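Okay, final_39.txt is below, compact mmCIF, C-alpha atoms:
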```
# COMPACT_ATOMS: atom_id res chain seq x y z
CA MET O 13 -26.61 -31.79 -11.60
CA ALA O 14 -28.10 -28.56 -12.94
CA SER O 15 -28.28 -26.91 -9.54
CA SER O 16 -24.81 -27.75 -8.34
CA ARG O 17 -22.37 -25.08 -7.18
CA LEU O 18 -19.27 -27.26 -7.16
CA GLU O 19 -16.55 -25.69 -9.24
CA LYS O 20 -15.48 -28.99 -10.83
CA ILE O 21 -18.81 -29.60 -12.59
CA GLY O 22 -19.22 -27.97 -15.99
CA THR O 23 -18.37 -24.31 -16.38
CA ILE O 24 -19.48 -21.39 -14.20
CA TYR O 25 -21.87 -20.34 -16.96
CA SER O 26 -23.57 -23.74 -17.15
CA ARG O 27 -23.89 -23.84 -13.37
CA VAL O 28 -25.43 -20.37 -13.08
CA ARG O 29 -27.72 -21.14 -16.02
CA GLY O 30 -28.89 -24.31 -14.27
CA LEU O 31 -29.44 -22.46 -11.00
CA LEU O 32 -31.51 -19.78 -12.72
CA ARG O 33 -33.55 -22.33 -14.66
CA SER O 34 -34.34 -24.46 -11.63
CA GLY O 35 -35.20 -21.41 -9.57
CA ALA O 36 -32.43 -21.79 -6.98
CA MET O 37 -31.17 -18.32 -7.91
CA ARG O 38 -33.67 -15.51 -8.43
CA GLN O 39 -33.58 -13.42 -11.58
CA GLU O 40 -32.74 -10.37 -9.45
CA ASP O 41 -29.61 -12.14 -8.13
CA LYS O 42 -28.35 -12.88 -11.65
CA PRO O 43 -24.63 -12.03 -11.85
CA ILE O 44 -23.63 -8.98 -13.85
CA TRP O 45 -21.42 -11.00 -16.18
CA TYR O 46 -24.19 -13.49 -17.14
CA ASP O 47 -25.71 -11.51 -19.98
CA ILE O 48 -22.30 -10.44 -21.21
CA TYR O 49 -21.10 -14.06 -21.25
CA LYS O 50 -24.24 -15.12 -23.10
CA ALA O 51 -23.72 -12.47 -25.75
CA PHE O 52 -19.95 -12.86 -26.07
CA PRO O 53 -18.85 -16.33 -24.96
CA PRO O 54 -15.08 -16.83 -24.48
CA LYS O 55 -12.88 -18.61 -27.01
CA TYR O 56 -12.10 -21.51 -24.66
CA GLU O 57 -14.62 -22.91 -22.24
CA PRO O 58 -13.52 -22.29 -18.63
CA ARG O 59 -13.78 -25.92 -17.56
CA TYR O 60 -12.06 -27.04 -14.36
CA ASP O 61 -9.99 -29.77 -16.04
CA ARG O 62 -8.77 -27.52 -18.87
CA PRO O 63 -4.98 -27.90 -19.17
CA ALA O 64 -2.95 -24.73 -18.64
CA PRO O 65 -1.70 -23.29 -21.94
CA ASP O 66 1.97 -23.95 -22.58
CA VAL O 67 2.95 -20.44 -23.56
CA PRO O 68 6.48 -19.12 -22.90
CA LEU O 69 6.18 -16.63 -20.03
CA ARG O 70 7.56 -13.14 -20.68
CA SER O 71 9.48 -11.50 -17.84
CA LEU O 72 7.95 -8.26 -16.58
CA PHE O 73 10.91 -5.89 -16.55
CA TYR O 74 10.65 -2.14 -16.71
CA PRO O 75 13.55 0.13 -17.70
CA GLU O 76 13.42 1.86 -14.27
CA ASP O 77 13.93 -1.50 -12.51
CA ILE O 78 17.72 -1.18 -12.83
CA ILE O 79 17.75 2.23 -11.17
CA ARG O 80 15.29 1.12 -8.52
CA ALA O 81 17.36 -1.98 -7.68
CA LYS O 82 20.55 0.08 -7.34
CA PHE O 83 18.76 2.65 -5.19
CA HIS O 84 17.32 -0.01 -2.87
CA LYS O 85 20.65 -1.79 -2.59
CA GLN O 86 22.39 1.38 -1.45
CA HIS O 87 19.62 2.77 0.75
CA LYS O 88 18.49 -0.08 2.97
CA SER O 89 16.35 2.07 5.25
CA LEU O 90 13.80 4.20 3.44
CA PRO O 91 10.91 6.09 5.01
CA ALA O 92 7.68 4.15 5.49
CA VAL O 93 5.44 3.64 2.45
CA ASN O 94 1.70 4.16 2.78
CA LEU O 95 0.21 1.68 0.31
CA SER O 96 -3.35 2.95 0.83
CA ASP O 97 -2.64 6.45 -0.47
CA GLN O 98 -1.83 6.36 -4.18
CA HIS O 99 -1.24 10.09 -4.53
CA ILE O 100 1.72 10.55 -2.18
CA PRO O 101 4.93 9.60 -4.03
CA THR O 102 7.33 7.37 -2.12
CA GLN O 103 11.05 8.07 -1.83
CA THR O 104 11.77 5.54 -4.59
CA GLN O 105 9.19 7.07 -6.93
CA LYS O 106 10.59 10.56 -6.30
CA PHE O 107 14.09 9.28 -7.04
CA ILE O 108 13.03 7.64 -10.30
CA SER O 109 11.20 10.78 -11.43
CA THR O 110 14.25 12.99 -10.68
CA TYR O 111 16.49 10.50 -12.50
CA ASN O 112 14.26 10.55 -15.58
CA LYS O 113 14.00 14.34 -15.45
CA LEU O 114 17.81 14.67 -15.34
CA ARG O 115 18.18 12.20 -18.18
CA GLU O 116 15.68 14.12 -20.33
CA GLU O 117 17.45 17.42 -19.58
CA GLY O 118 20.58 15.89 -21.01
CA LYS O 119 23.05 18.13 -19.17
CA THR O 120 24.67 15.42 -17.02
CA VAL O 121 26.78 12.57 -18.39
CA GLU O 122 25.44 8.99 -18.26
CA GLU O 123 27.79 7.87 -15.46
CA ASN O 124 26.97 10.84 -13.24
CA LEU O 125 23.18 10.59 -13.66
CA TYR O 126 22.71 8.32 -10.65
CA ALA O 127 24.97 10.38 -8.36
CA ALA O 128 23.30 13.60 -9.53
CA ALA O 129 19.83 12.21 -8.83
CA VAL O 130 20.94 11.16 -5.32
CA ASP O 131 22.29 14.68 -4.71
CA VAL O 132 19.01 16.27 -5.83
CA LEU O 133 17.11 13.96 -3.49
CA ASN O 134 19.36 14.84 -0.53
CA ASP O 135 18.95 18.56 -1.26
CA GLU O 136 15.16 18.19 -1.34
CA ARG O 137 15.27 16.38 1.98
CA GLN O 138 17.37 19.18 3.52
CA ASN O 139 14.88 21.79 2.30
CA ALA O 140 11.98 19.75 3.63
CA VAL O 141 13.66 19.67 7.06
CA ASN O 142 14.42 23.42 7.16
CA VAL O 143 11.11 24.79 5.88
CA PRO O 144 8.74 23.28 8.50
CA LYS O 145 10.81 24.93 11.25
CA ALA O 146 10.01 28.35 9.75
CA GLU O 147 6.32 27.80 9.12
CA THR O 148 4.70 26.06 12.05
CA ASN O 149 1.03 26.93 11.69
CA SER O 150 -0.44 25.38 14.78
CA LEU O 151 -3.24 27.25 16.48
CA ALA O 152 -1.41 27.41 19.80
CA SER O 153 1.79 28.90 18.38
CA SER O 154 -0.04 31.49 16.26
CA PHE O 155 -2.08 32.48 19.33
CA GLN O 156 1.12 32.88 21.32
CA ASP O 157 2.65 34.97 18.53
CA ALA O 158 -0.45 37.17 18.45
CA GLN O 159 -0.32 37.68 22.21
CA ARG O 160 3.31 38.66 21.99
CA ASP O 161 2.89 41.02 19.05
CA ALA O 162 -0.36 42.63 20.16
CA ASN O 163 0.84 46.01 21.33
CA VAL O 164 -2.48 47.71 20.85
CA ASN O 165 -2.56 51.31 21.81
CA ILE O 166 -6.23 52.11 22.37
CA LYS O 167 -5.74 55.85 21.78
CA ASP O 168 -4.23 55.26 18.34
CA ILE O 169 -6.89 52.86 17.08
CA PHE O 170 -9.03 55.52 15.46
CA LYS O 171 -6.13 57.49 14.05
CA ASP O 172 -5.39 56.69 10.40
CA MET R 27 5.00 -1.79 -7.66
CA LYS R 28 5.86 0.92 -5.18
CA LEU R 29 7.93 -1.33 -2.94
CA GLY R 30 10.24 -3.12 -5.36
CA ASP R 31 11.50 -6.11 -3.42
CA PRO R 32 9.02 -6.20 -0.52
CA GLN R 33 11.38 -8.06 1.83
CA GLY R 34 12.58 -5.66 4.51
CA LYS R 35 10.52 -2.65 3.41
CA VAL R 36 8.78 -0.46 5.98
CA VAL R 37 5.08 0.27 5.47
CA THR R 38 2.35 1.95 7.47
CA GLY R 39 -0.62 -0.07 8.60
CA LYS R 40 -3.78 0.29 10.67
CA ILE R 41 -4.95 -2.12 13.33
CA PHE R 42 -8.46 -3.33 12.50
CA GLN R 43 -8.92 -6.09 15.07
CA VAL R 44 -7.44 -7.00 18.40
CA VAL R 45 -7.81 -10.50 19.83
CA GLY R 46 -6.13 -10.68 23.21
CA ASP R 47 -2.47 -10.03 22.51
CA ASP R 48 -2.75 -10.48 18.72
CA LEU R 49 -3.01 -7.36 16.55
CA TYR R 50 -4.52 -7.75 13.08
CA VAL R 51 -2.94 -5.02 10.96
CA ASP R 52 -4.05 -4.00 7.47
CA PHE R 53 -1.33 -2.26 5.44
CA GLY R 54 -3.10 -1.94 2.11
CA TRP R 55 -2.00 -5.24 0.63
CA LYS R 56 -4.18 -8.19 -0.35
CA PHE R 57 -3.56 -9.86 3.01
CA HIS R 58 -3.38 -8.51 6.52
CA CYS R 59 -0.73 -9.47 9.05
CA VAL R 60 -0.99 -10.60 12.63
CA CYS R 61 1.56 -9.27 15.11
CA PRO R 62 1.96 -9.90 18.83
CA ARG R 63 1.41 -6.95 21.13
CA PRO R 64 4.77 -5.39 22.04
CA ALA R 65 5.82 -5.06 25.67
CA LYS R 66 6.45 -1.29 25.50
CA ASN R 67 3.25 0.88 25.46
CA GLY R 68 1.14 -2.24 24.97
CA SER R 69 -2.11 -0.54 25.99
CA GLU R 70 -1.86 1.99 23.15
CA TYR R 71 -2.24 -0.67 20.43
CA VAL R 72 -6.00 -0.58 19.98
CA ARG R 73 -8.32 -0.75 16.99
CA GLY R 74 -7.66 2.23 14.75
CA ALA R 75 -4.05 2.76 15.76
CA LYS R 76 -1.56 3.44 12.96
CA VAL R 77 1.62 1.43 13.16
CA ARG R 78 4.82 0.97 11.22
CA LEU R 79 5.65 -2.54 9.96
CA ARG R 80 8.68 -4.15 8.38
CA ILE R 81 7.55 -6.75 5.84
CA LYS R 82 9.15 -10.19 6.08
CA GLU R 83 6.88 -11.96 3.56
CA LEU R 84 3.87 -10.82 1.58
CA GLU R 85 2.11 -14.19 1.81
CA LEU R 86 2.73 -17.06 4.22
CA SER R 87 2.36 -19.97 1.84
CA THR R 88 4.48 -23.06 1.43
CA ARG R 89 4.24 -26.55 0.03
CA PHE R 90 4.13 -29.21 2.67
CA LEU R 91 5.68 -32.64 2.17
CA GLY R 92 3.40 -34.95 0.25
CA SER R 93 1.02 -32.33 -1.10
CA SER R 94 0.82 -31.33 -4.74
CA ARG R 95 -0.14 -27.70 -4.07
CA ASP R 96 0.97 -24.89 -1.79
CA LEU R 97 -0.98 -24.22 1.36
CA THR R 98 -1.60 -20.56 2.16
CA LEU R 99 -2.48 -18.87 5.41
CA LEU R 100 -3.96 -15.86 3.57
CA GLU R 101 -1.79 -13.68 5.82
CA ALA R 102 1.32 -11.59 5.37
CA ASP R 103 4.26 -11.71 7.76
CA ALA R 104 5.60 -8.50 9.26
CA THR R 105 7.24 -7.23 12.45
CA LEU R 106 6.04 -4.16 14.32
CA VAL R 107 8.58 -1.36 14.21
CA GLY R 108 6.70 1.35 16.05
CA LEU R 109 3.51 3.23 16.69
CA ILE R 110 2.60 6.28 14.60
CA SER R 111 -0.62 7.36 16.24
CA SER R 112 -3.20 5.81 18.49
CA PRO R 113 -6.71 6.82 19.52
CA ALA R 114 -5.86 5.54 23.01
CA ARG R 115 -3.04 8.00 23.36
CA LEU R 116 -4.33 11.39 24.61
CA PRO R 117 -3.36 14.39 22.41
CA GLN R 118 -0.50 16.29 23.98
CA GLN R 119 -1.52 19.64 25.49
CA PRO R 120 0.33 22.59 23.92
CA LYS R 121 2.72 24.15 26.43
CA SER R 122 1.67 27.67 27.45
CA SER R 123 4.47 30.25 27.63
```

Now, as a test, write the supplied structure out as structure tokens.
Amino acid sequence: MASSRLEKIGTIYSRVRGLLRSGAMRQEDKPIWYDIYKAFPPKYEPRYDRPAPDVPLRSLFYPEDIIRAKFHKQHKSLPAVNLSDQHIPTQTQKFISTYNKLREEGKTVEENLYAAAVDVLNDERQNAVNVPKAETNSLASSFQDAQRDANVNIKDIFKD
Amino acid sequence: MKLGDPQGKVVTGKIFQVVGDDLYVDFGWKFHCVCPRPAKNGSEYVRGAKVRLRIKELELSTRFLGSSRDLTLLEADATLVGLISSPARLPQQPKSS
């Protein structure tokens, strides 16, 4: 009973305690939470047959959910989201930040906020399309540019 | 939190395992998804290739008749939209003028 790993028997603390006492688990393999649990036990024992508390569940709604829902309803196809990279903002996040920025500025009326934010986003997308055409920094293209522009006159090199 | 309603959203994923014609793609969520190899450019879908997916469901779990709890496959459901990059695809040579 003391060295059982079945989740239905006792609590996880009693099981790990039994395993350590009987020698089934070495002291080096003691879980990190064991000492913390011993010092600060929880209010309710985490037994398997503990009934779930009957607390009224609160809905998780954020104020930007309304804007996000409207944006997603209108724009069905958005660019791909990379969930692994937390630093790159997605189209939706950019939209919400522009919306909040416009609302804090206070220049536009409430009804026009959404349309204004969409316009700002479209303008940013246009700029993003035009700028890369001007600055392509690949090694091959810069080499080609250098070849084209290199009108080196050997006689004039040493002249100031 | 980034996606909103995940149904129908496009995400980028990376293939981490290939078993015959099944591609196991990890897109940064708790579960991976398994997609069949597409007919076009099938040989380019190798381990390490980045692909674009459209999410159908984040978790394939449902309650079967007669059971008291849901049964989960621990897998997401997504369709392959396209290939972003692949280590099998040779880098294109820059055209010389």

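We find atom CA of Pro58 of chain O and atom CA of Pro43 of chain O to be spaced 16.6 Å apart.
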
* **Contacts of segment 15-31 of chain O within 9 Å, all atoms listed in the file, excl. fewer than 6 positions in-chain, as a PyMOL selection string** => chain O and resi 37-38+42-43+46+49-50+57-61

* **At most 9 Å to chain O: residues in chain R, only C-alpha atoms, as a ChimeraX atom specification** => /R:28-31,34-39,53-55,78-80,120-123

Keeping only C-alpha atoms, write those residues as a compact mmCIF listing (two decimals), in the frame of the given file.
```txt
# COMPACT_ATOMS: atom_id res chain seq x y z
CA LYS R 28 5.86 0.92 -5.18
CA LEU R 29 7.93 -1.33 -2.94
CA GLY R 30 10.24 -3.12 -5.36
CA ASP R 31 11.50 -6.11 -3.42
CA GLY R 34 12.58 -5.66 4.51
CA LYS R 35 10.52 -2.65 3.41
CA VAL R 36 8.78 -0.46 5.98
CA VAL R 37 5.08 0.27 5.47
CA THR R 38 2.35 1.95 7.47
CA GLY R 39 -0.62 -0.07 8.60
CA PHE R 53 -1.33 -2.26 5.44
CA GLY R 54 -3.10 -1.94 2.11
CA TRP R 55 -2.00 -5.24 0.63
CA ARG R 78 4.82 0.97 11.22
CA LEU R 79 5.65 -2.54 9.96
CA ARG R 80 8.68 -4.15 8.38
CA PRO R 120 0.33 22.59 23.92
CA LYS R 121 2.72 24.15 26.43
CA SER R 122 1.67 27.67 27.45
CA SER R 123 4.47 30.25 27.63
```

* Work out how far atom CA of Lys55 of chain O is from atom CA of Gly35 of chain O, in Å to one decimal. => 28.5 Å

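Between atom CA of Asp103 of chain R and atom CA of Ser69 of chain R the separation is 22.3 Å.
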
* Asked: R:Leu97, R:Ala102, R:Asp47, R:Ile110: which is nearest Leu84 of chain R, counting only C-alpha atoms?
  -> R:Ala102
